[in-house]
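K.L.:
Dropping in structure18.cif, with mmCIF, C-alpha atoms.
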```cif
data_entry
#
loop_
_atom_site.label_atom_id
_atom_site.label_comp_id
_atom_site.auth_asym_id
_atom_site.auth_seq_id
_atom_site.Cartn_x
_atom_site.Cartn_y
_atom_site.Cartn_z
CA MET A 1 32.83 55.97 42.02
CA THR A 2 29.19 55.02 42.31
CA GLN A 3 28.49 53.04 45.51
CA SER A 4 24.97 51.74 44.87
CA VAL A 5 22.63 50.92 42.01
CA GLN A 6 20.12 53.47 43.35
CA GLU A 7 22.82 56.16 43.22
CA LEU A 8 23.69 55.12 39.68
CA PHE A 9 20.12 55.59 38.47
CA ASP A 10 19.73 58.82 40.47
CA ARG A 11 22.78 60.23 38.64
CA MET A 12 21.79 58.89 35.23
CA PRO A 13 19.98 62.02 33.94
CA ALA A 14 23.05 64.17 34.78
CA SER A 15 25.26 61.89 32.64
CA PHE A 16 22.86 62.05 29.69
CA ASP A 17 24.13 63.60 26.43
CA PRO A 18 21.16 65.30 24.69
CA ALA A 19 23.11 65.78 21.45
CA ALA A 20 23.59 62.01 21.13
CA ALA A 21 19.84 61.49 21.55
CA ALA A 22 18.65 63.71 18.71
CA GLY A 23 15.74 62.02 16.93
CA LEU A 24 15.58 59.04 19.28
CA ASP A 25 12.42 57.73 20.93
CA LEU A 26 13.49 54.76 23.09
CA VAL A 27 12.73 53.20 26.46
CA TYR A 28 15.43 51.26 28.29
CA GLN A 29 14.30 48.87 31.01
CA PHE A 30 16.91 47.96 33.62
CA ASP A 31 16.27 44.84 35.69
CA ILE A 32 19.03 44.74 38.29
CA THR A 33 18.93 41.63 40.47
CA GLY A 34 20.39 40.68 43.82
CA ASP A 35 21.26 42.72 46.87
CA GLY A 36 20.74 46.43 46.17
CA GLY A 37 19.00 45.80 42.87
CA GLY A 38 15.66 46.97 41.55
CA GLN A 39 13.89 48.01 38.38
CA TRP A 40 14.19 51.32 36.57
CA TYR A 41 13.49 52.56 33.09
CA ALA A 42 14.88 55.46 31.12
CA VAL A 43 12.71 57.25 28.57
CA VAL A 44 14.85 58.90 25.88
CA LYS A 45 12.79 61.18 23.64
CA ASP A 46 13.28 64.52 21.90
CA GLY A 47 16.81 64.93 23.30
CA LYS A 48 15.62 64.45 26.89
CA CYS A 49 15.93 61.67 29.42
CA GLU A 50 13.73 60.74 32.34
CA VAL A 51 14.62 57.88 34.69
CA ILE A 52 11.75 56.30 36.62
CA ALA A 53 11.74 53.52 39.21
CA GLY A 54 9.64 50.54 38.21
CA ARG A 55 8.73 48.56 35.13
CA HIS A 56 7.72 49.94 31.73
CA ALA A 57 4.94 48.14 29.83
CA SER A 58 6.76 48.05 26.47
CA PRO A 59 10.47 48.94 26.60
CA SER A 60 12.59 49.15 23.45
CA ALA A 61 15.35 47.13 25.12
CA THR A 62 15.76 45.41 28.48
CA ILE A 63 19.11 45.17 30.25
CA THR A 64 19.41 42.56 33.02
CA SER A 65 22.35 42.14 35.37
CA LYS A 66 23.25 41.40 38.98
CA ALA A 67 23.75 44.56 41.04
CA LYS A 68 27.45 43.92 41.67
CA ASP A 69 28.18 43.21 38.01
CA TYR A 70 26.26 46.30 36.85
CA LEU A 71 28.11 48.54 39.33
CA ASP A 72 31.44 47.09 38.17
CA ILE A 73 30.53 48.01 34.57
CA ALA A 74 29.33 51.49 35.55
CA ASN A 75 32.48 52.15 37.57
CA GLY A 76 34.77 50.98 34.77
CA LYS A 77 35.96 47.88 36.65
CA ALA A 78 34.43 45.57 34.03
CA ASN A 79 33.97 45.85 30.29
CA GLU A 80 30.34 45.68 29.17
CA MET A 81 31.13 43.60 26.08
CA MET A 82 33.07 41.07 28.16
CA ALA A 83 30.26 41.01 30.75
CA PHE A 84 27.80 40.36 27.92
CA ALA A 85 29.97 37.55 26.52
CA LEU A 86 30.22 35.97 29.99
CA GLY A 87 26.46 36.20 30.57
CA LYS A 88 26.79 38.78 33.35
CA LEU A 89 24.88 41.31 31.27
CA ARG A 90 21.86 40.24 29.26
CA VAL A 91 20.06 42.31 26.64
CA SER A 92 16.70 41.60 25.04
CA GLY A 93 14.54 43.52 22.61
CA ASN A 94 16.05 46.09 20.28
CA ILE A 95 19.78 45.21 20.44
CA PRO A 96 20.91 48.17 18.23
CA ALA A 97 19.07 50.53 20.61
CA ALA A 98 20.84 48.96 23.59
CA MET A 99 24.19 49.45 21.87
CA LYS A 100 23.55 53.22 21.86
CA LEU A 101 23.65 53.40 25.66
CA ASN A 102 27.40 54.16 25.78
CA LYS A 103 26.88 57.20 23.56
CA LEU A 104 23.80 58.42 25.44
CA PHE A 105 25.22 58.18 28.96
CA LYS A 106 28.76 59.25 29.74
CA ARG A 107 30.71 57.78 32.63
CA LYS A 108 31.92 60.38 35.09
#
```
I'd like the structure from this file rewritten - as structure tokens, please.
P.N.:
Amino acid sequence: MTQSVQELFDRMPASFDPAAAAGLDLVYQFDITGDGGGQWYAVVKDGKCEVIAGRHASPSATITSKAKDYLDIANGKANEMMAFALGKLRVSGNIPAAMKLNKLFKRK
């Protein structure tokens, strides 16, 4: 179980599935608010993933959530679709790209 948002983003490249990313060129911005939050972005290109702290100038999709809610989703305590419906997870930009996240990053 992931204990912090920082740990989650540190582990993100290890949970990446290169086969699922074939032919993709996307940038995911994560804006995680509240205690323990921060900003990170993941560059998915040519079957590779790089996660960088900070803000990207032109992400494909932006995911915004409170730190606690995002950890609950990552740890399987909350369903991402339900969190989205309840406004606990917000997505802007390329929605179809954001929907690929579950296939690109496997929960451990």
K.L.:
Could you list as a ChimeraX atom specification every residue that has an atom within 9 Å of (18.7, 62.9, 20.6), using the file's coordinates and counting only C-alpha atoms?
P.N.:
/A:17-25,44-48,104
K.L.:
Find the spatial neighbours of Asn75 of chain A, counting all atoms listed in the file, within a cut-off of 12 Å - ignore same-chain residues fewer than 4 positions away - and output them as JSON, numbers by chain.
P.N.:
{"A": [1, 2, 3, 4, 5, 7, 8, 68, 69, 70, 71, 79, 80, 106, 107, 108]}
K.L.:
To one decimal place in Å, what is the distance between atom CA of Ala85 of chain A and atom CA of Glu50 of chain A?
P.N.:
28.9 Å
K.L.:
Pick out the residues sitting within 10 Å of Ala97 of chain A, and hand them over as number ranges by chain; count all atoms listed in the file, and ignore anything fewer than 6 positions along from it in its own chain.
P.N.:
A: 24-28, 60-62
K.L.:
Which one is closest to Gly36 of chain A: A:Ile73, A:Ala83, A:Met99, A:Ala67? Count all atoms listed in the file.
P.N.:
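With all atoms listed in the file as the atom set, the closest residue is A:Ala67.
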K.L.:
Identify, on the basis of all atoms listed in the file, every residue whose closest approach to Val51 of chain A does not exceed 7 Å; exclude the query and any residue fewer than 5 positions from it along the same chain; express the result as JSON, numbers by chain.
P.N.:
{"A": [13, 40, 41, 42, 43]}
K.L.:
I'd like to know which of A:Arg11, A:Lys88, A:Lys77, A:Lys66 is closest to Cys49 of chain A, using all atoms listed in the file.
P.N.:
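That would be A:Arg11, the residue with the smallest distance to Cys49 of chain A.
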K.L.:
Copy segment 29-40 of chain A out of the block into a file, keeping all heavy atoms, as a PDB file, in the first residue's frame.
P.N.:
```
ATOM      1  N   GLN A  29      -0.553  15.608 -16.684  1.00  0.00           N
ATOM      2  CA  GLN A  29      -0.244  16.508 -15.572  1.00  0.00           C
ATOM      3  C   GLN A  29      -1.089  16.075 -14.384  1.00  0.00           C
ATOM      4  O   GLN A  29      -2.294  15.857 -14.520  1.00  0.00           O
ATOM      5  CB  GLN A  29      -0.595  17.957 -15.947  1.00  0.00           C
ATOM      6  CG  GLN A  29      -0.401  18.952 -14.817  1.00  0.00           C
ATOM      7  CD  GLN A  29       1.064  19.166 -14.485  1.00  0.00           C
ATOM      8  OE1 GLN A  29       1.870  19.412 -15.364  1.00  0.00           O
ATOM      9  NE2 GLN A  29       1.406  19.067 -13.210  1.00  0.00           N
ATOM     10  N   PHE A  30      -0.461  15.952 -13.227  1.00  0.00           N
ATOM     11  CA  PHE A  30      -1.158  15.589 -11.999  1.00  0.00           C
ATOM     12  C   PHE A  30      -1.037  16.757 -11.027  1.00  0.00           C
ATOM     13  O   PHE A  30       0.073  17.116 -10.624  1.00  0.00           O
ATOM     14  CB  PHE A  30      -0.548  14.329 -11.382  1.00  0.00           C
ATOM     15  CG  PHE A  30      -0.661  13.123 -12.264  1.00  0.00           C
ATOM     16  CD1 PHE A  30       0.341  12.824 -13.182  1.00  0.00           C
ATOM     17  CD2 PHE A  30      -1.763  12.294 -12.192  1.00  0.00           C
ATOM     18  CE1 PHE A  30       0.245  11.723 -14.014  1.00  0.00           C
ATOM     19  CE2 PHE A  30      -1.864  11.189 -13.018  1.00  0.00           C
ATOM     20  CZ  PHE A  30      -0.871  10.900 -13.930  1.00  0.00           C
ATOM     21  N   ASP A  31      -2.164  17.347 -10.678  1.00  0.00           N
ATOM     22  CA  ASP A  31      -2.210  18.422  -9.697  1.00  0.00           C
ATOM     23  C   ASP A  31      -2.899  17.858  -8.457  1.00  0.00           C
ATOM     24  O   ASP A  31      -4.128  17.717  -8.428  1.00  0.00           O
ATOM     25  CB  ASP A  31      -2.982  19.632 -10.242  1.00  0.00           C
ATOM     26  CG  ASP A  31      -2.244  20.327 -11.377  1.00  0.00           C
ATOM     27  OD1 ASP A  31      -1.007  20.186 -11.468  1.00  0.00           O
ATOM     28  OD2 ASP A  31      -2.908  21.015 -12.170  1.00  0.00           O
ATOM     29  N   ILE A  32      -2.100  17.503  -7.472  1.00  0.00           N
ATOM     30  CA  ILE A  32      -2.606  16.868  -6.262  1.00  0.00           C
ATOM     31  C   ILE A  32      -2.579  17.911  -5.150  1.00  0.00           C
ATOM     32  O   ILE A  32      -1.516  18.447  -4.817  1.00  0.00           O
ATOM     33  CB  ILE A  32      -1.760  15.631  -5.885  1.00  0.00           C
ATOM     34  CG1 ILE A  32      -1.580  14.700  -7.099  1.00  0.00           C
ATOM     35  CG2 ILE A  32      -2.377  14.908  -4.700  1.00  0.00           C
ATOM     36  CD1 ILE A  32      -2.869  14.170  -7.707  1.00  0.00           C
ATOM     37  N   THR A  33      -3.751  18.211  -4.601  1.00  0.00           N
ATOM     38  CA  THR A  33      -3.896  19.305  -3.651  1.00  0.00           C
ATOM     39  C   THR A  33      -3.938  18.798  -2.213  1.00  0.00           C
ATOM     40  O   THR A  33      -4.102  17.605  -1.957  1.00  0.00           O
ATOM     41  CB  THR A  33      -5.174  20.109  -3.955  1.00  0.00           C
ATOM     42  OG1 THR A  33      -6.313  19.261  -3.766  1.00  0.00           O
ATOM     43  CG2 THR A  33      -5.175  20.648  -5.379  1.00  0.00           C
ATOM     44  N   GLY A  34      -3.801  19.729  -1.294  1.00  0.00           N
ATOM     45  CA  GLY A  34      -3.909  19.407   0.124  1.00  0.00           C
ATOM     46  C   GLY A  34      -2.609  18.895   0.712  1.00  0.00           C
ATOM     47  O   GLY A  34      -1.553  18.889   0.070  1.00  0.00           O
ATOM     48  N   ASP A  35      -2.706  18.453   1.950  1.00  0.00           N
ATOM     49  CA  ASP A  35      -1.550  17.980   2.700  1.00  0.00           C
ATOM     50  C   ASP A  35      -0.882  16.806   1.991  1.00  0.00           C
ATOM     51  O   ASP A  35      -1.538  15.810   1.677  1.00  0.00           O
ATOM     52  CB  ASP A  35      -2.010  17.559   4.104  1.00  0.00           C
ATOM     53  CG  ASP A  35      -0.847  17.376   5.056  1.00  0.00           C
ATOM     54  OD1 ASP A  35       0.191  18.039   4.880  1.00  0.00           O
ATOM     55  OD2 ASP A  35      -0.997  16.562   5.987  1.00  0.00           O
ATOM     56  N   GLY A  36       0.403  16.932   1.690  1.00  0.00           N
ATOM     57  CA  GLY A  36       1.143  15.879   1.011  1.00  0.00           C
ATOM     58  C   GLY A  36       1.028  15.916  -0.498  1.00  0.00           C
ATOM     59  O   GLY A  36       1.535  15.036  -1.180  1.00  0.00           O
ATOM     60  N   GLY A  37       0.362  16.913  -1.027  1.00  0.00           N
ATOM     61  CA  GLY A  37       0.166  17.010  -2.472  1.00  0.00           C
ATOM     62  C   GLY A  37       1.358  17.625  -3.175  1.00  0.00           C
ATOM     63  O   GLY A  37       2.436  17.801  -2.601  1.00  0.00           O
ATOM     64  N   GLY A  38       1.165  17.932  -4.441  1.00  0.00           N
ATOM     65  CA  GLY A  38       2.204  18.532  -5.259  1.00  0.00           C
ATOM     66  C   GLY A  38       1.817  18.425  -6.717  1.00  0.00           C
ATOM     67  O   GLY A  38       0.684  18.063  -7.052  1.00  0.00           O
ATOM     68  N   GLN A  39       2.762  18.725  -7.572  1.00  0.00           N
ATOM     69  CA  GLN A  39       2.523  18.643  -9.013  1.00  0.00           C
ATOM     70  C   GLN A  39       3.595  17.760  -9.643  1.00  0.00           C
ATOM     71  O   GLN A  39       4.777  17.895  -9.348  1.00  0.00           O
ATOM     72  CB  GLN A  39       2.561  20.030  -9.654  1.00  0.00           C
ATOM     73  CG  GLN A  39       1.427  20.915  -9.211  1.00  0.00           C
ATOM     74  CD  GLN A  39       1.490  22.279  -9.872  1.00  0.00           C
ATOM     75  OE1 GLN A  39       2.544  22.866 -10.023  1.00  0.00           O
ATOM     76  NE2 GLN A  39       0.327  22.768 -10.268  1.00  0.00           N
ATOM     77  N   TRP A  40       3.138  16.877 -10.518  1.00  0.00           N
ATOM     78  CA  TRP A  40       4.009  15.990 -11.269  1.00  0.00           C
ATOM     79  C   TRP A  40       3.441  15.859 -12.665  1.00  0.00           C
ATOM     80  O   TRP A  40       2.255  16.066 -12.883  1.00  0.00           O
ATOM     81  CB  TRP A  40       4.049  14.593 -10.655  1.00  0.00           C
ATOM     82  CG  TRP A  40       4.691  14.517  -9.324  1.00  0.00           C
ATOM     83  CD1 TRP A  40       5.985  14.189  -9.055  1.00  0.00           C
ATOM     84  CD2 TRP A  40       4.068  14.738  -8.051  1.00  0.00           C
ATOM     85  NE1 TRP A  40       6.212  14.207  -7.696  1.00  0.00           N
ATOM     86  CE2 TRP A  40       5.051  14.541  -7.062  1.00  0.00           C
ATOM     87  CE3 TRP A  40       2.784  15.101  -7.658  1.00  0.00           C
ATOM     88  CZ2 TRP A  40       4.788  14.677  -5.708  1.00  0.00           C
ATOM     89  CZ3 TRP A  40       2.523  15.238  -6.308  1.00  0.00           C
ATOM     90  CH2 TRP A  40       3.511  15.032  -5.347  1.00  0.00           C
TER      91      TRP A  40
END
```
